[in-house]
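Inspection log for the structure reproduced underneath, given as structure tokens.
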Amino acid sequence: MACLAPMQTLRQSPTDPGFVQDPYPFYARARAAGPLVWWEDYGLPMATTHAAVNALLRDRRFGREPVDPPPVPEHLKPFYAVEAHSMLELEPPRHTRLRSLVLRAFTSRRIQALAPEIAALARDLVGRFPDGAPFDLLDAFCRPIPVIVIARLLGVPETMAPDLLRWSNAMVQMYQARRSRDDEVAAVAATEEFVAFLTDYVARRRSDPRDDLITALIAAEQDGNRLTADELITTCILLLNAGHEATVHTLGNGVARCLDTGARPGPDPAPLVEEILRHDPPLHLFTRHA
Ligand code: HEM
């Protein structure tokens, strides 16, 4: 990446309500300041352009694992004990092993097969919208769809959806810029409940194989050296958490933009979905370490 000018420093509180509501004017200012700027409030450089982000993500010297991680405070240990096995935070060869096990559940055949079920679920939820009265689309539509679909893919009873949502919402507060001590306590309590549920559920499912991801992960664990019991639990939690949070807000942002702009899907909805992901995505910042 050619970047000979000194990096400019920018200041912007990530918790400022105006920024949270509409971060794009700041991003435009940052892009105008160069492909790499120093974001003072985070104490980190930020890549601002597609070319710069692309170059960094492809550069093998950069990874997700922090080079010199700070010690974990005592009260957060149960949360980070689960995170320690998350492929989202790992490098090869552990990342490759965990990822290849999970990819079995995401074959195009299996995803295609889910389409009619997802359409039926969407129609059912739309049919239950209150007549005429205002309602929150996030609760009535965007939250239930991803958690139910992922529960089915994984093989967790969908009657667990309210608990899965509660645990997941509490755990993802750990990634918020404005997280408080109360958020941390709630995230640890949710982690412990989630681990207890999955430990018990996996034990019961060992003798009950089906065509789902938990069965595949249990087989890999029983195989001895492919997956540990802790990795099995963390992988289930990661899929349920990573899988629904971003999707909920893509649905919400996407519907809001379609209403604002009048955009509607064509016979192939993929271009509109891709444009929604590009135009107003649910996740903005990811860290890399070198
Ligand atoms: C619109 C929806 C989604 C968006 C915008 C999104 C976004 C992302 C992004 C940006 C990353 C990369 C993080 C990094 O490189 O540091 C990621 C990783 C991941 N996401 Fe998603 N995601 C979505 C849906 C899902 C779904 C539905 C699932 C699973 C059911 C899922 C599971 C994962 C997992 C397991 C990883 C880690 C992958 C790895 O480390 O190899 N995501 N997601």
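Ordering of the structure tokens sets the chain letters (A, B, ...); residue numbers start at 1 within each chain; ligands are numbered from 1 in the order shown.
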Using only C-alpha atoms and all ligand atoms, find each protein or nucleic acid residue lying at most 8 Å from ligand 1; present the set as a PyMOL selection string.
chain A and resi 57+64+86-90+95-96+99+102+146+150+235+238-251+277+281-284+286-288
Generate the output file for the selected residues, C-alpha atoms, as an mmCIF file, in the first residue's frame.
data_model
loop_
_atom_site.group_PDB
_atom_site.id
_atom_site.type_symbol
_atom_site.label_atom_id
_atom_site.label_comp_id
_atom_site.auth_asym_id
_atom_site.auth_seq_id
_atom_site.Cartn_x
_atom_site.Cartn_y
_atom_site.Cartn_z
ATOM 1 C CA LEU A 57 -7.129 -8.404 5.341
ATOM 2 C CA ARG A 64 -7.188 -11.519 14.798
ATOM 3 C CA SER A 86 -13.773 -19.105 19.193
ATOM 4 C CA MET A 87 -12.642 -19.429 15.573
ATOM 5 C CA LEU A 88 -13.513 -15.743 15.164
ATOM 6 C CA GLU A 89 -10.509 -14.926 17.344
ATOM 7 C CA LEU A 90 -8.072 -17.641 16.180
ATOM 8 C CA HIS A 95 -8.896 -21.687 12.886
ATOM 9 C CA THR A 96 -8.683 -23.936 9.803
ATOM 10 C CA ARG A 99 -13.822 -23.634 10.315
ATOM 11 C CA VAL A 102 -18.503 -25.842 10.614
ATOM 12 C CA PRO A 146 -32.219 -15.586 12.251
ATOM 13 C CA ILE A 150 -29.792 -21.020 13.123
ATOM 14 C CA THR A 235 -18.543 -23.195 18.325
ATOM 15 C CA LEU A 238 -20.375 -18.515 18.277
ATOM 16 C CA LEU A 239 -22.768 -19.631 15.544
ATOM 17 C CA LEU A 240 -25.820 -18.663 17.537
ATOM 18 C CA ASN A 241 -24.389 -15.276 18.551
ATOM 19 C CA ALA A 242 -22.453 -14.286 15.381
ATOM 20 C CA GLY A 243 -25.198 -15.669 13.204
ATOM 21 C CA HIS A 244 -28.125 -13.729 14.482
ATOM 22 C CA GLU A 245 -26.943 -10.312 15.703
ATOM 23 C CA ALA A 246 -25.623 -9.084 12.332
ATOM 24 C CA THR A 247 -28.539 -10.583 10.419
ATOM 25 C CA VAL A 248 -31.142 -8.901 12.671
ATOM 26 C CA HIS A 249 -29.719 -5.473 11.937
ATOM 27 C CA THR A 250 -29.144 -6.137 8.235
ATOM 28 C CA LEU A 251 -32.860 -6.922 8.000
ATOM 29 C CA LEU A 277 -24.933 -4.945 2.977
ATOM 30 C CA PRO A 281 -24.037 -2.693 7.104
ATOM 31 C CA PRO A 282 -24.643 -3.791 10.707
ATOM 32 C CA LEU A 283 -20.941 -4.173 11.612
ATOM 33 C CA HIS A 284 -18.408 -1.452 10.905
ATOM 34 C CA PHE A 286 -12.904 -5.098 13.025
ATOM 35 C CA THR A 287 -9.450 -5.165 14.545
ATOM 36 C CA ARG A 288 -6.307 -6.766 13.155
#
List every residue of stretch 49-161 of chain A that DSSP, applied to the backbone of this structure, assigns to helix (DSSP H, G or I), and report them as a PyMOL selection string.
chain A and resi 50-58+74-83+87-89+94-106+108-127+137-142+144-154+158-161
Option closest in space to A:Thr48, from A:Phe141, A:Leu285, A:Phe194, A:Leu154 [counting only C-alpha atoms]:
A:Leu285
Using only C-alpha atoms, which of A:Ala133, A:Asp182, A:Arg210, A:His85 sits nearest A:Leu232?
A:His85
Would you kindly return, as number ranges by chain, each protein, DNA or RNA residue with an atom no farther than 10 Å from any atom of A:Asp212, considering only C-alpha atoms and excluding same-chain residues fewer than 6 positions away?
A: 104-105, 151-156
Which residue of A:Cys258, A:Ala81, A:Leu103, A:Val67 approaches A:Leu217 most closely, using only C-alpha atoms
A:Leu103
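The smallest atom-to-atom distance between A:Thr199 and any of A:Ala219, A:Ala51, A:Ile214, A:Ile233, using only C-alpha atoms, is found for A:Ile233.
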Name the residues of stretch 5-247 of chain A that come out as strand (DSSP E) in a backbone DSSP run; write them as a PyMOL selection string.
chain A and resi 8-10+36-39+44-47
Only C-alpha atoms, please: the residues just picked out, written as a compact mmCIF listing (two decimals), in the first residue's frame.
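Dumped everything to result14.txt:
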# COMPACT_ATOMS: atom_id res chain seq x y z
CA GLN A 8 -3.57 12.36 10.13
CA THR A 9 -5.13 12.22 13.58
CA LEU A 10 -8.93 12.37 13.90
CA LEU A 36 -4.93 5.24 7.01
CA VAL A 37 -5.84 7.69 9.79
CA TRP A 38 -5.10 7.66 13.50
CA TRP A 39 -8.41 7.41 15.45
CA LEU A 44 -5.59 2.85 16.78
CA PRO A 45 -4.97 3.43 13.09
CA MET A 46 -8.06 2.94 10.93
CA ALA A 47 -8.10 1.85 7.27
Which residues come within 12 Å of A:Thr159, counting only C-alpha atoms, excluding same-chain residues fewer than 4 positions away, as a PyMOL selection string?
chain A and resi 144+147-149+151-152+155+163-165
Contacts of A:Pro92 at 12 Å or less, counting only C-alpha atoms, minus same-chain residues fewer than 6 places along, as a ChimeraX atom specification?
/A:60,63-65,98-100
For those residues, write C-alpha atoms to a file as a PDB file, in the first residue's frame.
ATOM      1  CA  ARG A  60      -0.717 -12.693   6.412  1.00  0.00           C
ATOM      2  CA  GLY A  63      -4.266 -11.560  12.368  1.00  0.00           C
ATOM      3  CA  ARG A  64      -7.188 -11.519  14.798  1.00  0.00           C
ATOM      4  CA  GLU A  65      -5.196 -12.780  17.777  1.00  0.00           C
ATOM      5  CA  LEU A  98     -12.703 -25.402  13.477  1.00  0.00           C
ATOM      6  CA  ARG A  99     -13.822 -23.634  10.315  1.00  0.00           C
ATOM      7  CA  SER A 100     -13.708 -26.777   8.172  1.00  0.00           C
TER       8      SER A 100
END
Considering only C-alpha atoms, state which residue in the set A:Val188, A:Leu121, A:Pro78, A:Asp68 is at the smallest distance from A:Met174.
A:Val188
Given the choices A:Val185, A:Thr261, A:Ala203, A:Pro267, which gets closest to A:Lys77 if the distance is worked out from only C-alpha atoms?
A:Val185
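Neighbouring residues of A:Thr15 at 10 Å or closer, counting only C-alpha atoms and skipping chain neighbours under 6 positions away, are Gln21, Gln176, Ala177 and Arg178 of chain A.
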